[in-house]
Each structure stands twice: as C-alpha cells, then as structure tokens.
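K.L.:
My structure is in final_6.tsv, and what it holds is TSV, C-alpha atoms:
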chain	number	residue	atom	x	y	z
J	1	PHE	CA	-48.06	1.25	-23.42
J	2	LEU	CA	-46.81	0.68	-19.88
J	3	VAL	CA	-48.59	-2.66	-19.52
J	4	SER	CA	-46.84	-3.91	-22.66
J	5	ARG	CA	-43.53	-2.51	-21.36
J	6	SER	CA	-43.29	-0.24	-24.39
J	7	TYR	CA	-41.48	2.42	-22.39
J	8	LEU	CA	-40.61	4.50	-25.45
J	9	PHE	CA	-44.20	5.07	-26.48
J	10	HIS	CA	-45.31	5.31	-22.86
J	11	ALA	CA	-42.81	8.14	-22.36
J	12	TYR	CA	-43.95	9.86	-25.56
J	13	ALA	CA	-47.56	9.55	-24.37
J	14	TRP	CA	-46.50	11.28	-21.11
J	15	LEU	CA	-44.75	13.96	-23.16
J	16	LYS	CA	-47.91	14.54	-25.20
J	17	LEU	CA	-50.03	14.71	-22.02
J	18	TYR	CA	-47.55	17.12	-20.44
J	19	GLU	CA	-47.57	19.39	-23.51
J	20	ILE	CA	-51.39	19.40	-23.66
J	21	ASN	CA	-51.64	20.23	-19.95
J	22	GLU	CA	-49.06	23.02	-20.26
J	23	LYS	CA	-50.99	24.54	-23.13
J	24	HIS	CA	-54.58	24.12	-21.94
J	25	ASN	CA	-54.67	23.47	-18.18
J	26	LYS	CA	-54.12	26.93	-16.74
J	27	GLY	CA	-55.05	25.73	-13.26
J	28	MET	CA	-52.35	23.03	-13.07
J	29	THR	CA	-50.48	23.29	-9.79
J	30	GLU	CA	-46.70	23.16	-9.46
J	31	SER	CA	-47.10	19.89	-7.56
J	32	ALA	CA	-49.08	18.32	-10.42
J	33	ARG	CA	-46.58	19.67	-12.96
J	34	GLY	CA	-43.68	18.23	-10.95
J	35	HIS	CA	-45.38	14.84	-10.60
J	36	MET	CA	-46.09	14.72	-14.33
J	37	ALA	CA	-42.51	15.76	-15.18
J	38	SER	CA	-41.14	13.12	-12.77
J	39	ALA	CA	-43.26	10.39	-14.37
J	40	LEU	CA	-42.15	11.48	-17.83
J	41	VAL	CA	-38.46	11.53	-16.91
J	42	LEU	CA	-38.67	8.13	-15.19
J	43	ALA	CA	-40.46	6.70	-18.24
J	44	ALA	CA	-37.71	8.15	-20.47
J	45	LEU	CA	-35.00	6.60	-18.29
J	46	ALA	CA	-36.78	3.23	-18.47
J	47	VAL	CA	-36.59	3.19	-22.28
J	48	PRO	CA	-34.03	0.54	-23.23
J	49	VAL	CA	-30.70	1.89	-24.48
J	50	VAL	CA	-30.10	-1.29	-26.43
J	51	PRO	CA	-33.07	-2.37	-28.57
J	52	LYS	CA	-34.65	-5.67	-27.65
J	53	SER	CA	-33.70	-8.51	-29.97
J	54	ILE	CA	-36.08	-9.17	-32.80
J	55	SER	CA	-37.77	-12.54	-32.70
J	56	ILE	CA	-37.52	-14.87	-35.67
J	57	SER	CA	-41.20	-14.30	-36.44
J	58	SER	CA	-40.93	-10.53	-36.85
J	59	TYR	CA	-39.04	-8.66	-39.50
J	60	PRO	CA	-37.29	-5.28	-39.15
J	61	ASN	CA	-39.62	-3.66	-41.71
J	62	ASP	CA	-42.68	-4.81	-39.75
J	63	GLU	CA	-41.17	-3.38	-36.57
J	64	ALA	CA	-40.40	-0.06	-38.27
J	65	ASP	CA	-43.96	0.13	-39.64
J	66	LYS	CA	-45.33	-0.62	-36.17
J	67	HIS	CA	-43.23	2.22	-34.70
J	68	LYS	CA	-44.43	4.64	-37.37
J	69	ARG	CA	-48.07	3.72	-36.71
J	70	MET	CA	-47.63	4.14	-32.96
J	71	ALA	CA	-45.92	7.51	-33.44
J	72	THR	CA	-48.73	8.66	-35.72
J	73	LEU	CA	-51.27	7.54	-33.14
J	74	LEU	CA	-49.57	9.85	-30.63
J	75	GLY	CA	-49.44	12.68	-33.17
J	76	TYR	CA	-45.73	12.53	-34.00
J	77	GLN	CA	-44.53	12.68	-37.60
J	78	PHE	CA	-41.18	11.00	-36.96
J	79	SER	CA	-39.98	7.65	-35.76
J	80	PRO	CA	-39.26	8.22	-32.07
J	81	ASP	CA	-36.18	6.91	-30.32
J	82	ARG	CA	-34.61	7.19	-26.89
J	83	SER	CA	-31.96	9.76	-27.79
J	84	GLN	CA	-34.56	12.15	-29.25
J	85	LEU	CA	-36.72	11.70	-26.17
J	86	ILE	CA	-33.86	12.45	-23.76
J	87	LYS	CA	-32.94	15.49	-25.86
J	88	GLN	CA	-36.53	16.80	-25.68
J	89	VAL	CA	-36.67	16.21	-21.93
J	90	LYS	CA	-33.51	18.29	-21.51
J	91	GLU	CA	-34.59	21.03	-23.92
J	92	LEU	CA	-37.96	21.47	-22.20
J	93	GLY	CA	-36.27	21.70	-18.79
J	94	LEU	CA	-38.39	18.87	-17.42
J	95	VAL	CA	-35.63	17.48	-15.23
J	96	ASP	CA	-35.55	20.76	-13.28
J	97	GLN	CA	-39.26	20.39	-12.50
J	98	CYS	CA	-38.88	16.86	-11.11
J	99	ASP	CA	-38.58	15.62	-7.57
J	100	GLY	CA	-35.01	15.82	-6.22
J	101	ASP	CA	-34.53	12.04	-6.30
J	102	VAL	CA	-35.59	11.88	-9.95
J	103	GLN	CA	-33.26	14.77	-10.82
J	104	GLU	CA	-30.33	13.04	-9.15
J	105	LEU	CA	-31.17	9.69	-10.76
J	106	PHE	CA	-31.29	11.32	-14.20
J	107	ASP	CA	-27.98	13.07	-13.60
J	108	ILE	CA	-26.24	9.88	-12.47
J	109	LEU	CA	-27.58	7.69	-15.29
J	110	GLU	CA	-27.35	10.18	-18.16
J	111	ASN	CA	-24.49	12.52	-17.28
J	112	ARG	CA	-22.00	11.29	-14.70
J	113	TYR	CA	-22.11	7.54	-14.32
J	114	CYS	CA	-19.05	6.01	-12.73
J	115	PRO	CA	-18.63	2.23	-12.34
J	116	LEU	CA	-17.17	2.57	-8.87
J	117	THR	CA	-20.17	4.36	-7.38
J	118	ILE	CA	-23.11	3.98	-9.76
J	119	VAL	CA	-24.82	1.10	-7.96
J	120	SER	CA	-24.37	2.55	-4.49
J	121	SER	CA	-25.60	5.94	-5.74
J	122	VAL	CA	-28.65	4.66	-7.62
J	123	SER	CA	-29.88	1.99	-5.18
J	124	PRO	CA	-31.21	4.32	-2.45
J	125	LEU	CA	-32.78	6.63	-5.05
J	126	LEU	CA	-34.48	3.71	-6.74
J	127	SER	CA	-35.77	2.44	-3.39
J	128	ARG	CA	-37.35	5.81	-2.62
J	129	ILE	CA	-38.81	6.08	-6.12
J	130	ARG	CA	-40.30	2.58	-5.81
J	131	SER	CA	-42.17	3.72	-2.71
J	132	ILE	CA	-44.04	6.42	-4.68
J	133	ALA	CA	-47.35	5.24	-6.10
J	134	ASN	CA	-47.27	4.67	-9.88
J	135	PHE	CA	-43.49	5.11	-10.11
J	136	GLU	CA	-42.57	1.52	-9.18
J	137	ALA	CA	-43.53	0.47	-12.73
J	138	TYR	CA	-40.38	2.16	-14.06
J	139	ALA	CA	-37.97	0.42	-11.68
J	140	SER	CA	-37.24	-2.64	-13.81
J	141	GLY	CA	-36.48	-0.53	-16.90
J	142	ILE	CA	-34.23	1.74	-14.86
J	143	GLU	CA	-32.45	-1.28	-13.36
J	144	GLU	CA	-31.75	-2.49	-16.92
J	145	LEU	CA	-30.33	0.95	-17.74
J	146	LEU	CA	-28.19	0.82	-14.59
J	147	LEU	CA	-26.77	-2.54	-15.63
J	148	ILE	CA	-26.06	-1.34	-19.16
J	149	ARG	CA	-24.37	1.84	-17.91
J	150	LEU	CA	-22.24	-0.23	-15.54
J	151	VAL	CA	-21.18	-2.62	-18.30
J	152	GLN	CA	-20.47	0.29	-20.67
J	153	GLN	CA	-18.19	1.90	-18.13
J	154	LEU	CA	-16.49	-1.36	-17.22
J	155	GLY	CA	-15.87	-1.88	-20.93
J	156	LYS	CA	-13.81	1.32	-20.86
J	157	VAL	CA	-11.53	-0.03	-18.16
J	158	SER	CA	-7.95	0.05	-19.28
J	159	PHE	CA	-5.20	-1.93	-17.68
J	160	GLU	CA	-1.98	0.02	-17.36
J	161	ASN	CA	-0.25	-3.12	-16.21
J	162	SER	CA	-1.42	-6.47	-14.94
J	163	SER	CA	-1.65	-5.36	-11.30
J	164	GLN	CA	-2.96	-1.82	-11.69
J	165	MET	CA	-6.27	-0.77	-13.12
J	166	SER	CA	-7.50	2.73	-13.97
J	167	LEU	CA	-11.17	3.56	-14.32
J	168	ALA	CA	-12.40	6.53	-16.26
J	169	CYS	CA	-15.58	8.00	-14.85
J	170	THR	CA	-17.67	10.23	-17.05
Show me the file's structure as structure tokens.

P.N.:
Amino acid sequence: FLVSRSYLFHAYAWLKLYEINEKHNKGMTESARGHMASALVLAALAVPVVPKSISISSYPNDEADKHKRMATLLGYQFSPDRSQLIKQVKELGLVDQCDGDVQELFDILENRYCPLTIVSSVSPLLSRIRSIANFEAYASGIEELLLIRLVQQLGKVSFENSSQMSLACT
C-alpha cells in the first residue's frame, strides 16, 4: 500500500498489525509498541484530507468497489476513510504512545493549526521524522496535509478593514 501511495489502506494495515500484536504478542516491548504507534499515526496523517481527483478512465462506482475490496482484504466490514481512522487513533490512545515529535506533529496538524506558525512549527519536526528509518516515506503526504491546513486557515482570514487583518487560529 505504501509503494502505491495508498496511505489510507497503508494506515489501516498498520492498525490491523498493531491490534494483532497487542492481542497476541505478549513479549512486545514498549519501544516496539511506540515505534509501531508512531508509524501508524504518521501513516494516518499522510492520508489525504481532500480525495485525489478521479481520472476520466475511472468511475466513482469502480473506485468505491475497489475501496470495499481493499477494506475486506484487511478484514474491515466498512468503507474506511480518514476521519474514521483519526477517530480510532485517538480512541485507542495511540498518539500518547508515540515519539514526542510525532505527538507534537499530530497535535499541530489535527488540533491547533495556526497559519502564522504552522510551517515554522512543523518544519523542524518533519526534518527529525525524516531522519528516522522508514518514516521518511510519510513526509510527502504530511507536507500535503500541511499545505491544505495552511490554505484552510488562510481561507478563514477575515479583513476587518483594508489595512488590518485578523487571523483566527484554531
């Protein structure tokens, strides 16, 4: 899934692996658990917020059928999407098990993104995450999320008058 940049199904595959390890691998160390949780959270962040455009040769029904087949392959009986994945990550407390940089990155991109500081806050975190083996693969997806979050926040900019601008940070 990662090679094809199908971050959604890659993240769900990580979730399935994490759940299996939690249930059956009694000897799993905290370090291994944290690494697995970090990979899962990074994969979830890399899932596009805005769906990729559908090419002229594919039809929405074909895409929906493909998603259902992929979900069934992973053992899920629903059509997965990013919002469900993020909700599951939060409910399972996976963010708390992650490396500090991954926790902070998740918090900035999912909870408190502000257009004035988002890029300067995320850039050093992303640089450190890129230096960790196997995590650099998520960087491009997270950069896309960063850009989308920035544009979303800039879209909320309201001009009180022509010379003064107020920004609302969430």

K.L.:
Contacts of Arg130 (chain J) at 12 Å or less, counting only C-alpha atoms, minus same-chain residues fewer than 6 places along, as an NGL selection string?

P.N.:
:J and (39 or 42 or 101-102 or 122-124 or 136-140 or 142-143)

K.L.:
Of the candidates J:Glu104, J:Leu125, J:Val89, J:Val119, which one gets nearest to Glu144 (chain J) if we count all atoms listed in the file?

P.N.:
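Smallest separation from Glu144 (chain J) among the options: J:Val119.
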
K.L.:
Would you please work out which residue, of J:Lys16, J:Lys23, J:Lys156, J:Arg149, is nearest to Arg112 (chain J) when using all atoms listed in the file?

P.N.:
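Counting all atoms listed in the file, the residue closest to Arg112 (chain J) is J:Arg149.
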
K.L.:
Could you check which of J:His35, J:His24, J:Leu17, J:Cys114 is closest to Cys98 (chain J), using all atoms listed in the file?

P.N.:
J:His35

K.L.:
At what distance in Å, to one decimal, does CA of Pro115 (chain J) lie from CA of Leu92 (chain J)?

P.N.:
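CA of Pro115 (chain J) lies at a distance of 29.0 Å from CA of Leu92 (chain J).
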
K.L.:
Excluding Asp96 (chain J) and its own-chain neighbours fewer than 4 positions away, which residues fall within 9 Å of it when counting only C-alpha atoms? Please give them as an NGL selection string.

P.N.:
:J and (34 or 37 or 90 or 100 or 103)

K.L.:
Could you take the residues named above and write them with C-alpha atoms, as a PDB file, in the coordinates of the input?

P.N.:
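File written: result_26.pdb
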ATOM      1  CA  GLY J  34     -43.680  18.230 -10.950  1.00  0.00           C
ATOM      2  CA  ALA J  37     -42.510  15.760 -15.180  1.00  0.00           C
ATOM      3  CA  LYS J  90     -33.510  18.290 -21.510  1.00  0.00           C
ATOM      4  CA  GLY J 100     -35.010  15.820  -6.220  1.00  0.00           C
ATOM      5  CA  GLN J 103     -33.260  14.770 -10.820  1.00  0.00           C
TER       6      GLN J 103
END

K.L.:
Could you tell me how far CA of His10 (chain J) lies from CA of Lys26 (chain J), in Å and to one decimal?

P.N.:
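Atom-to-atom, CA of His10 (chain J) to CA of Lys26 (chain J), that is 24.1 Å.
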